[in-house]
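Pasting entry37.cif here (mmCIF, N, CA and C atoms):
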```cif
data_input
loop_
_atom_site.label_atom_id
_atom_site.label_comp_id
_atom_site.auth_asym_id
_atom_site.auth_seq_id
_atom_site.Cartn_x
_atom_site.Cartn_y
_atom_site.Cartn_z
N MET H 1 37.91 4.30 133.99
CA MET H 1 37.50 3.13 133.23
C MET H 1 37.90 3.33 131.78
N GLN H 2 38.50 2.32 131.19
CA GLN H 2 38.97 2.41 129.82
C GLN H 2 38.08 1.60 128.90
N THR H 3 38.25 1.81 127.60
CA THR H 3 37.54 1.03 126.61
C THR H 3 38.46 -0.05 126.07
N LEU H 4 37.89 -1.00 125.36
CA LEU H 4 38.69 -2.09 124.79
C LEU H 4 39.78 -1.58 123.87
N ASN H 5 39.51 -0.50 123.15
CA ASN H 5 40.46 0.01 122.16
C ASN H 5 41.59 0.84 122.77
N SER H 6 41.47 1.23 124.03
CA SER H 6 42.49 2.10 124.60
C SER H 6 43.32 1.44 125.71
N LEU H 7 43.31 0.13 125.79
CA LEU H 7 44.00 -0.56 126.88
C LEU H 7 45.51 -0.61 126.73
N ALA H 8 46.02 -0.69 125.53
CA ALA H 8 47.47 -0.81 125.28
C ALA H 8 48.07 -1.97 126.06
N LEU H 9 47.48 -3.14 125.92
CA LEU H 9 47.94 -4.33 126.66
C LEU H 9 49.37 -4.73 126.31
N ALA H 10 49.75 -4.56 125.06
CA ALA H 10 51.08 -5.01 124.62
C ALA H 10 52.21 -4.11 125.11
N SER H 11 51.88 -2.94 125.63
CA SER H 11 52.94 -2.03 126.09
C SER H 11 53.01 -1.95 127.61
N ALA H 12 52.59 -3.01 128.29
CA ALA H 12 52.62 -3.04 129.75
C ALA H 12 54.06 -3.03 130.26
N ILE H 13 54.29 -2.23 131.28
CA ILE H 13 55.63 -2.12 131.88
C ILE H 13 55.51 -2.36 133.37
N PRO H 14 56.37 -3.17 133.97
CA PRO H 14 57.35 -4.03 133.33
C PRO H 14 56.67 -5.21 132.63
N SER H 15 57.27 -5.68 131.58
CA SER H 15 56.63 -6.70 130.75
C SER H 15 56.85 -8.12 131.26
N ASP H 16 57.68 -8.30 132.28
CA ASP H 16 57.99 -9.65 132.75
C ASP H 16 57.27 -10.01 134.05
N CYS H 17 56.28 -9.24 134.43
CA CYS H 17 55.54 -9.54 135.66
C CYS H 17 54.04 -9.47 135.38
N PRO H 18 53.22 -10.06 136.25
CA PRO H 18 51.78 -10.08 135.98
C PRO H 18 51.12 -8.71 136.18
N HIS H 19 50.11 -8.48 135.38
CA HIS H 19 49.29 -7.28 135.45
C HIS H 19 47.84 -7.73 135.64
N LEU H 20 47.02 -6.86 136.19
CA LEU H 20 45.61 -7.18 136.40
C LEU H 20 44.73 -6.40 135.45
N LEU H 21 43.81 -7.10 134.83
CA LEU H 21 42.78 -6.48 134.02
C LEU H 21 41.47 -6.71 134.78
N ILE H 22 40.99 -5.67 135.43
CA ILE H 22 39.78 -5.78 136.25
C ILE H 22 38.58 -5.58 135.34
N TRP H 23 37.80 -6.64 135.23
CA TRP H 23 36.72 -6.69 134.25
C TRP H 23 35.58 -7.50 134.85
N ASP H 24 34.50 -6.83 135.18
CA ASP H 24 33.41 -7.50 135.89
C ASP H 24 32.54 -8.40 135.02
N ASN H 25 32.30 -8.05 133.78
CA ASN H 25 31.39 -8.84 132.95
C ASN H 25 31.97 -9.12 131.57
N PRO H 26 33.06 -9.87 131.50
CA PRO H 26 33.62 -10.16 130.18
C PRO H 26 32.73 -11.13 129.41
N ASN H 27 32.76 -11.01 128.09
CA ASN H 27 32.05 -11.98 127.26
C ASN H 27 32.97 -12.41 126.12
N SER H 28 32.60 -13.45 125.45
CA SER H 28 33.46 -14.05 124.41
C SER H 28 33.74 -13.08 123.27
N LEU H 29 32.75 -12.29 122.88
CA LEU H 29 32.94 -11.35 121.79
C LEU H 29 34.00 -10.30 122.15
N GLU H 30 33.94 -9.78 123.37
CA GLU H 30 34.92 -8.79 123.81
C GLU H 30 36.31 -9.41 123.96
N PHE H 31 36.37 -10.64 124.45
CA PHE H 31 37.66 -11.34 124.52
C PHE H 31 38.23 -11.51 123.12
N GLY H 32 37.38 -11.88 122.18
CA GLY H 32 37.83 -12.02 120.79
C GLY H 32 38.38 -10.73 120.24
N HIS H 33 37.76 -9.62 120.59
CA HIS H 33 38.24 -8.31 120.15
C HIS H 33 39.63 -8.03 120.73
N LEU H 34 39.81 -8.32 122.01
CA LEU H 34 41.13 -8.12 122.63
C LEU H 34 42.18 -9.01 121.99
N GLU H 35 41.83 -10.26 121.73
CA GLU H 35 42.78 -11.19 121.12
C GLU H 35 43.23 -10.67 119.75
N PHE H 36 42.28 -10.20 118.97
CA PHE H 36 42.60 -9.71 117.63
C PHE H 36 43.36 -8.39 117.68
N ARG H 37 42.88 -7.44 118.45
CA ARG H 37 43.47 -6.10 118.49
C ARG H 37 44.89 -6.08 119.05
N TYR H 38 45.15 -6.89 120.08
CA TYR H 38 46.44 -6.84 120.75
C TYR H 38 47.31 -8.07 120.51
N GLY H 39 46.90 -8.94 119.61
CA GLY H 39 47.68 -10.15 119.35
C GLY H 39 47.82 -11.00 120.59
N ALA H 40 46.71 -11.13 121.31
CA ALA H 40 46.73 -11.82 122.60
C ALA H 40 46.25 -13.25 122.48
N GLN H 41 46.64 -14.04 123.44
CA GLN H 41 46.19 -15.42 123.56
C GLN H 41 45.38 -15.52 124.85
N ARG H 42 44.25 -16.18 124.77
CA ARG H 42 43.35 -16.34 125.92
C ARG H 42 43.49 -17.76 126.45
N ILE H 43 43.76 -17.88 127.75
CA ILE H 43 43.88 -19.19 128.39
C ILE H 43 43.03 -19.18 129.66
N ASP H 44 42.37 -20.30 129.89
CA ASP H 44 41.52 -20.44 131.07
C ASP H 44 42.24 -21.30 132.10
N TYR H 45 42.50 -20.73 133.26
CA TYR H 45 43.18 -21.43 134.34
C TYR H 45 42.38 -22.66 134.78
N ARG H 46 41.07 -22.56 134.79
CA ARG H 46 40.24 -23.70 135.20
C ARG H 46 40.46 -24.89 134.28
N ASP H 47 40.56 -24.64 132.98
CA ASP H 47 40.82 -25.73 132.03
C ASP H 47 42.18 -26.37 132.33
N ASN H 48 43.15 -25.56 132.68
CA ASN H 48 44.47 -26.05 133.03
C ASN H 48 44.40 -26.97 134.24
N VAL H 49 43.63 -26.58 135.25
CA VAL H 49 43.49 -27.40 136.46
C VAL H 49 42.82 -28.73 136.11
N VAL H 50 41.78 -28.68 135.30
CA VAL H 50 41.07 -29.91 134.91
C VAL H 50 42.01 -30.83 134.14
N THR H 51 42.81 -30.28 133.26
CA THR H 51 43.77 -31.08 132.50
C THR H 51 44.77 -31.77 133.43
N ARG H 52 45.26 -31.03 134.41
CA ARG H 52 46.20 -31.63 135.37
C ARG H 52 45.53 -32.71 136.19
N LEU H 53 44.29 -32.51 136.55
CA LEU H 53 43.55 -33.50 137.33
C LEU H 53 43.36 -34.78 136.52
N GLN H 54 43.08 -34.63 135.23
CA GLN H 54 42.87 -35.80 134.37
C GLN H 54 44.17 -36.51 134.05
N SER H 55 45.29 -35.82 134.21
CA SER H 55 46.57 -36.44 133.85
C SER H 55 47.21 -37.20 135.00
N GLY H 56 46.46 -37.44 136.06
CA GLY H 56 47.02 -38.32 137.07
C GLY H 56 46.85 -37.89 138.52
N SER H 57 46.83 -36.62 138.80
CA SER H 57 46.72 -36.18 140.18
C SER H 57 45.27 -36.32 140.64
N LYS H 58 45.05 -37.21 141.60
CA LYS H 58 43.68 -37.47 142.05
C LYS H 58 43.12 -36.29 142.84
N TYR H 59 43.96 -35.66 143.65
CA TYR H 59 43.55 -34.51 144.44
C TYR H 59 44.60 -33.42 144.26
N LEU H 60 44.17 -32.27 143.86
CA LEU H 60 45.13 -31.19 143.62
C LEU H 60 45.55 -30.47 144.90
N ASN H 61 44.66 -30.37 145.90
CA ASN H 61 44.99 -29.69 147.16
C ASN H 61 45.67 -28.35 146.90
N LEU H 62 45.02 -27.51 146.14
CA LEU H 62 45.60 -26.24 145.73
C LEU H 62 46.04 -25.38 146.90
N HIS H 63 45.33 -25.44 148.01
CA HIS H 63 45.67 -24.62 149.17
C HIS H 63 46.98 -25.04 149.83
N ARG H 64 47.39 -26.27 149.62
CA ARG H 64 48.64 -26.75 150.22
C ARG H 64 49.85 -26.53 149.33
N TYR H 65 49.60 -26.29 148.07
CA TYR H 65 50.69 -26.18 147.10
C TYR H 65 50.60 -24.89 146.29
N CYS H 66 50.55 -23.78 146.98
CA CYS H 66 50.45 -22.48 146.31
C CYS H 66 51.66 -22.21 145.41
N ASN H 67 52.83 -22.63 145.83
CA ASN H 67 54.02 -22.43 145.00
C ASN H 67 53.92 -23.21 143.69
N ARG H 68 53.30 -24.39 143.77
CA ARG H 68 53.08 -25.18 142.55
C ARG H 68 52.18 -24.42 141.58
N GLU H 69 51.17 -23.74 142.11
CA GLU H 69 50.26 -22.99 141.25
C GLU H 69 50.95 -21.78 140.64
N LEU H 70 51.82 -21.13 141.39
CA LEU H 70 52.60 -20.04 140.82
C LEU H 70 53.53 -20.54 139.73
N THR H 71 54.13 -21.69 139.95
CA THR H 71 54.98 -22.30 138.93
C THR H 71 54.16 -22.65 137.70
N GLU H 72 52.95 -23.12 137.91
CA GLU H 72 52.07 -23.46 136.78
C GLU H 72 51.71 -22.22 135.96
N ILE H 73 51.50 -21.10 136.64
CA ILE H 73 51.23 -19.85 135.93
C ILE H 73 52.44 -19.45 135.09
N LYS H 74 53.65 -19.63 135.63
CA LYS H 74 54.87 -19.35 134.86
C LYS H 74 54.97 -20.28 133.66
N THR H 75 54.61 -21.55 133.87
CA THR H 75 54.64 -22.52 132.77
C THR H 75 53.66 -22.14 131.67
N ILE H 76 52.49 -21.70 132.07
CA ILE H 76 51.49 -21.24 131.09
C ILE H 76 52.08 -20.11 130.26
N CYS H 77 52.80 -19.20 130.90
CA CYS H 77 53.43 -18.09 130.18
C CYS H 77 54.54 -18.59 129.25
N GLN H 78 55.30 -19.60 129.69
CA GLN H 78 56.37 -20.15 128.85
C GLN H 78 55.81 -20.82 127.61
N GLU H 79 54.64 -21.43 127.74
CA GLU H 79 54.05 -22.15 126.63
C GLU H 79 53.17 -21.28 125.74
N ALA H 80 53.00 -20.02 126.11
CA ALA H 80 52.18 -19.11 125.31
C ALA H 80 52.80 -18.93 123.93
N ILE H 81 51.96 -18.86 122.92
CA ILE H 81 52.46 -18.71 121.56
C ILE H 81 52.35 -17.27 121.06
N LYS H 82 51.75 -16.41 121.86
CA LYS H 82 51.62 -15.00 121.50
C LYS H 82 52.27 -14.15 122.58
N PRO H 83 52.62 -12.90 122.25
CA PRO H 83 53.36 -12.07 123.21
C PRO H 83 52.52 -11.55 124.38
N VAL H 84 51.20 -11.56 124.25
CA VAL H 84 50.31 -11.09 125.31
C VAL H 84 49.40 -12.24 125.70
N LEU H 85 49.28 -12.49 126.99
CA LEU H 85 48.45 -13.59 127.48
C LEU H 85 47.35 -13.04 128.38
N LEU H 86 46.11 -13.42 128.08
CA LEU H 86 44.96 -13.09 128.93
C LEU H 86 44.61 -14.34 129.71
N LEU H 87 44.87 -14.33 130.99
CA LEU H 87 44.60 -15.50 131.84
C LEU H 87 43.30 -15.26 132.59
N GLU H 88 42.30 -16.04 132.26
CA GLU H 88 41.02 -15.94 132.95
C GLU H 88 40.85 -17.16 133.84
N GLY H 89 39.88 -17.11 134.71
CA GLY H 89 39.57 -18.25 135.55
C GLY H 89 40.38 -18.35 136.83
N LEU H 90 41.31 -17.42 137.05
CA LEU H 90 42.10 -17.45 138.27
C LEU H 90 41.24 -17.10 139.49
N ASP H 91 40.09 -16.50 139.23
CA ASP H 91 39.17 -16.20 140.33
C ASP H 91 38.73 -17.47 141.05
N SER H 92 38.68 -18.59 140.33
CA SER H 92 38.32 -19.86 140.97
C SER H 92 39.39 -20.28 141.98
N LEU H 93 40.66 -20.03 141.68
CA LEU H 93 41.73 -20.34 142.63
C LEU H 93 41.61 -19.45 143.86
N PHE H 94 41.36 -18.17 143.66
CA PHE H 94 41.21 -17.27 144.80
C PHE H 94 40.04 -17.68 145.68
N ALA H 95 38.93 -18.04 145.07
CA ALA H 95 37.77 -18.49 145.85
C ALA H 95 38.11 -19.76 146.61
N TYR H 96 38.79 -20.69 145.96
CA TYR H 96 39.20 -21.94 146.60
C TYR H 96 40.10 -21.67 147.80
N LEU H 97 41.09 -20.78 147.59
CA LEU H 97 42.02 -20.47 148.68
C LEU H 97 41.32 -19.79 149.85
N MET H 98 40.35 -18.93 149.57
CA MET H 98 39.62 -18.27 150.64
C MET H 98 38.81 -19.26 151.45
N VAL H 99 38.22 -20.24 150.78
CA VAL H 99 37.39 -21.24 151.47
C VAL H 99 38.24 -22.25 152.22
N ARG H 100 39.29 -22.75 151.60
CA ARG H 100 40.10 -23.82 152.19
C ARG H 100 41.10 -23.34 153.24
N SER H 101 41.75 -22.21 152.98
CA SER H 101 42.78 -21.78 153.92
C SER H 101 42.39 -20.51 154.67
N GLY H 102 41.46 -19.75 154.13
CA GLY H 102 41.02 -18.54 154.80
C GLY H 102 41.93 -17.35 154.64
N ASN H 103 43.14 -17.56 154.14
CA ASN H 103 44.08 -16.45 153.99
C ASN H 103 44.82 -16.59 152.67
N ILE H 104 44.58 -15.65 151.79
CA ILE H 104 45.26 -15.71 150.50
C ILE H 104 46.27 -14.58 150.33
N GLU H 105 46.54 -13.85 151.41
CA GLU H 105 47.51 -12.74 151.36
C GLU H 105 48.87 -13.18 150.81
N LEU H 106 49.38 -14.29 151.32
CA LEU H 106 50.70 -14.76 150.89
C LEU H 106 50.71 -15.08 149.39
N PHE H 107 49.65 -15.72 148.92
CA PHE H 107 49.57 -16.04 147.50
C PHE H 107 49.56 -14.75 146.67
N TRP H 108 48.76 -13.77 147.09
CA TRP H 108 48.71 -12.50 146.38
C TRP H 108 50.10 -11.85 146.34
N ARG H 109 50.78 -11.82 147.47
CA ARG H 109 52.12 -11.21 147.52
C ARG H 109 53.09 -11.92 146.58
N ASN H 110 53.07 -13.23 146.64
CA ASN H 110 53.97 -14.00 145.77
C ASN H 110 53.63 -13.81 144.29
N LEU H 111 52.35 -13.73 143.97
CA LEU H 111 51.94 -13.49 142.59
C LEU H 111 52.39 -12.10 142.15
N ALA H 112 52.23 -11.11 143.00
CA ALA H 112 52.64 -9.75 142.67
C ALA H 112 54.16 -9.65 142.49
N ASP H 113 54.91 -10.46 143.21
CA ASP H 113 56.37 -10.43 143.13
C ASP H 113 56.95 -11.32 142.05
N THR H 114 56.11 -12.03 141.33
CA THR H 114 56.56 -12.93 140.26
C THR H 114 57.24 -12.12 139.15
N ARG H 115 58.39 -12.57 138.71
CA ARG H 115 59.14 -11.90 137.65
C ARG H 115 59.62 -12.93 136.62
N HIS H 116 60.22 -12.42 135.58
CA HIS H 116 60.84 -13.23 134.53
C HIS H 116 59.83 -14.08 133.77
N LEU H 117 58.64 -13.54 133.52
CA LEU H 117 57.65 -14.23 132.70
C LEU H 117 58.03 -14.05 131.23
N ASN H 118 57.72 -15.05 130.42
CA ASN H 118 58.11 -15.02 129.01
C ASN H 118 57.17 -14.22 128.13
N CYS H 119 56.09 -13.74 128.66
CA CYS H 119 55.15 -12.94 127.89
C CYS H 119 54.50 -11.92 128.83
N ILE H 120 53.77 -11.01 128.25
CA ILE H 120 53.04 -10.04 129.06
C ILE H 120 51.78 -10.72 129.56
N LEU H 121 51.68 -10.89 130.86
CA LEU H 121 50.56 -11.60 131.47
C LEU H 121 49.54 -10.62 132.03
N TRP H 122 48.30 -10.74 131.55
CA TRP H 122 47.18 -9.99 132.07
C TRP H 122 46.22 -10.98 132.71
N ILE H 123 46.05 -10.87 134.01
CA ILE H 123 45.13 -11.74 134.75
C ILE H 123 43.79 -11.03 134.81
N VAL H 124 42.77 -11.66 134.26
CA VAL H 124 41.44 -11.08 134.20
C VAL H 124 40.68 -11.48 135.46
N LEU H 125 40.27 -10.47 136.24
CA LEU H 125 39.57 -10.71 137.51
C LEU H 125 38.42 -9.73 137.67
N PRO H 126 37.39 -10.13 138.41
CA PRO H 126 36.32 -9.17 138.74
C PRO H 126 36.83 -8.18 139.80
N SER H 127 36.20 -7.03 139.86
CA SER H 127 36.63 -5.99 140.79
C SER H 127 36.52 -6.42 142.25
N SER H 128 35.64 -7.36 142.54
CA SER H 128 35.48 -7.82 143.92
C SER H 128 36.71 -8.56 144.43
N LEU H 129 37.58 -9.02 143.55
CA LEU H 129 38.77 -9.76 143.97
C LEU H 129 40.05 -8.93 143.92
N LEU H 130 39.94 -7.65 143.60
CA LEU H 130 41.13 -6.80 143.53
C LEU H 130 41.80 -6.73 144.89
N TRP H 131 43.08 -7.04 144.93
CA TRP H 131 43.85 -7.03 146.18
C TRP H 131 44.39 -5.63 146.43
N HIS H 132 44.26 -5.15 147.63
CA HIS H 132 44.67 -3.80 148.00
C HIS H 132 46.17 -3.57 147.87
N GLY H 133 46.97 -4.61 147.91
CA GLY H 133 48.42 -4.46 147.87
C GLY H 133 49.03 -4.48 146.48
N TRP H 134 48.21 -4.61 145.45
CA TRP H 134 48.74 -4.70 144.09
C TRP H 134 49.19 -3.32 143.61
N ASP H 135 50.29 -3.26 142.91
CA ASP H 135 50.81 -2.01 142.35
C ASP H 135 49.78 -1.40 141.40
N LYS H 136 49.37 -0.19 141.69
CA LYS H 136 48.32 0.49 140.90
C LYS H 136 48.74 0.72 139.45
N ASN H 137 50.05 0.78 139.20
CA ASN H 137 50.54 0.97 137.83
C ASN H 137 50.39 -0.28 136.98
N ARG H 138 50.08 -1.40 137.61
CA ARG H 138 49.95 -2.67 136.88
C ARG H 138 48.49 -3.13 136.87
N ILE H 139 47.56 -2.19 136.90
CA ILE H 139 46.13 -2.50 136.89
C ILE H 139 45.45 -1.65 135.81
N LYS H 140 44.58 -2.29 135.06
CA LYS H 140 43.69 -1.60 134.11
C LYS H 140 42.28 -2.02 134.43
N PHE H 141 41.36 -1.07 134.33
CA PHE H 141 39.96 -1.33 134.60
C PHE H 141 39.14 -1.26 133.32
N LEU H 142 38.25 -2.18 133.15
CA LEU H 142 37.30 -2.15 132.02
C LEU H 142 35.90 -2.02 132.56
#
```

Could the structure of this file be written out as structure tokens, please?
Amino acid sequence: MQTLNSLALASAIPSDCPHLLIWDNPNSLEFGHLEFRYGAQRIDYRDNVVTRLQSGSKYLNLHRYCNRELTEIKTICQEAIKPVLLLEGLDSLFAYLMVRSGNIELFWRNLADTRHLNCILWIVLPSSLLWHGWDKNRIKFL
């Protein structure tokens, strides 16, 4: 288990693929510390989904369009204004996929294989959602 000051988020290798920050009880003050210390930008996936829902799509059907959600994550990275991105709220997508489709293995594999991101992406998830197939070198625990 690491501390907030020893994470070295900006030096993640490889820098063009997603990394996991396993953090069971994050709070706004600690997120603020990470944003300041590592020059990171914090984005909430749930807010992104709500924005898309308000912009015209009546039903998102996330379980049917997993590739669309992966593309949306790439878009979030393209629009990031800082070199390190902390993406929170993706746990809601995982919970949705588990309930609606019952199998999220394919989504996890595709997320793990995602490359060519424009920033260093750290996906903040609780330890209960850690996928067994994720590369251990791309995981940090808090």

Go through range 6-84 of chain H residue by residue and, counting only N, CA and C atoms, keep those with an atom at most 8 Å from range 122-135 of chain H; for each kept residue give the shortest atom pair and its distance in Å to one decimal, ordered by chain and increasing number, as a Markdown table.
```
| residue | atom | partner | partner_atom | distance |
| --- | --- | --- | --- | --- |
| H:Leu9 | CA | H:Trp122 | CA | 7.9 |
| H:Cys17 | C | H:Trp122 | N | 7.0 |
| H:Pro18 | CA | H:Trp122 | N | 5.7 |
| H:His19 | C | H:Ile123 | N | 4.0 |
| H:Leu20 | CA | H:Ile123 | N | 4.4 |
| H:Leu21 | N | H:Ile123 | C | 3.9 |
| H:Ile22 | CA | H:Leu125 | C | 4.4 |
| H:Trp23 | N | H:Leu125 | C | 4.0 |
| H:Asp24 | CA | H:Pro126 | CA | 4.4 |
| H:Asn25 | N | H:Pro126 | CA | 6.5 |
| H:Pro26 | N | H:Pro126 | CA | 8.0 |
| H:Val84 | C | H:Trp122 | N | 6.1 |
```

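Shortest separation to Ala40 in chain H among H:Ser92, H:Cys66, H:Pro83, H:Ser101 occurs at residue H:Pro83, atoms counted being only C-alpha atoms.
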
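Interatomic distance, CA of Gln78 in chain H to atom N of Cys119 in chain H: 6.4 Å.
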
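Every residue that the PyMOL selection byres ((chain H and resi 68-77) around 8) selects in this file is listed here: Leu62, Arg64, Tyr65, Cys66, Asn67, Gln78, Glu79, Ala80, Ile81, Leu85, Asn110, Leu111, His116, Leu117, Asn118, Cys119, Ile120 and Leu121 of chain H.
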
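The set of residues in range 76-106 of chain H assigned to alpha helix (DSSP H) by DSSP, using only backbone atoms of this structure, is Ile76, Cys77, Gln78, Glu79, Leu90, Asp91, Ser92, Leu93, Phe94, Ala95, Tyr96, Leu97, Met98, Val99, Arg100, Glu105 and Leu106 of chain H.
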
Hey, can you check how far atom C of Ala95 in chain H sits from atom N of Ile43 in chain H? 19.8 Å

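Taking atom C of Leu7 in chain H as the reference point, atom C of Asn137 in chain H is found at 11.4 Å.
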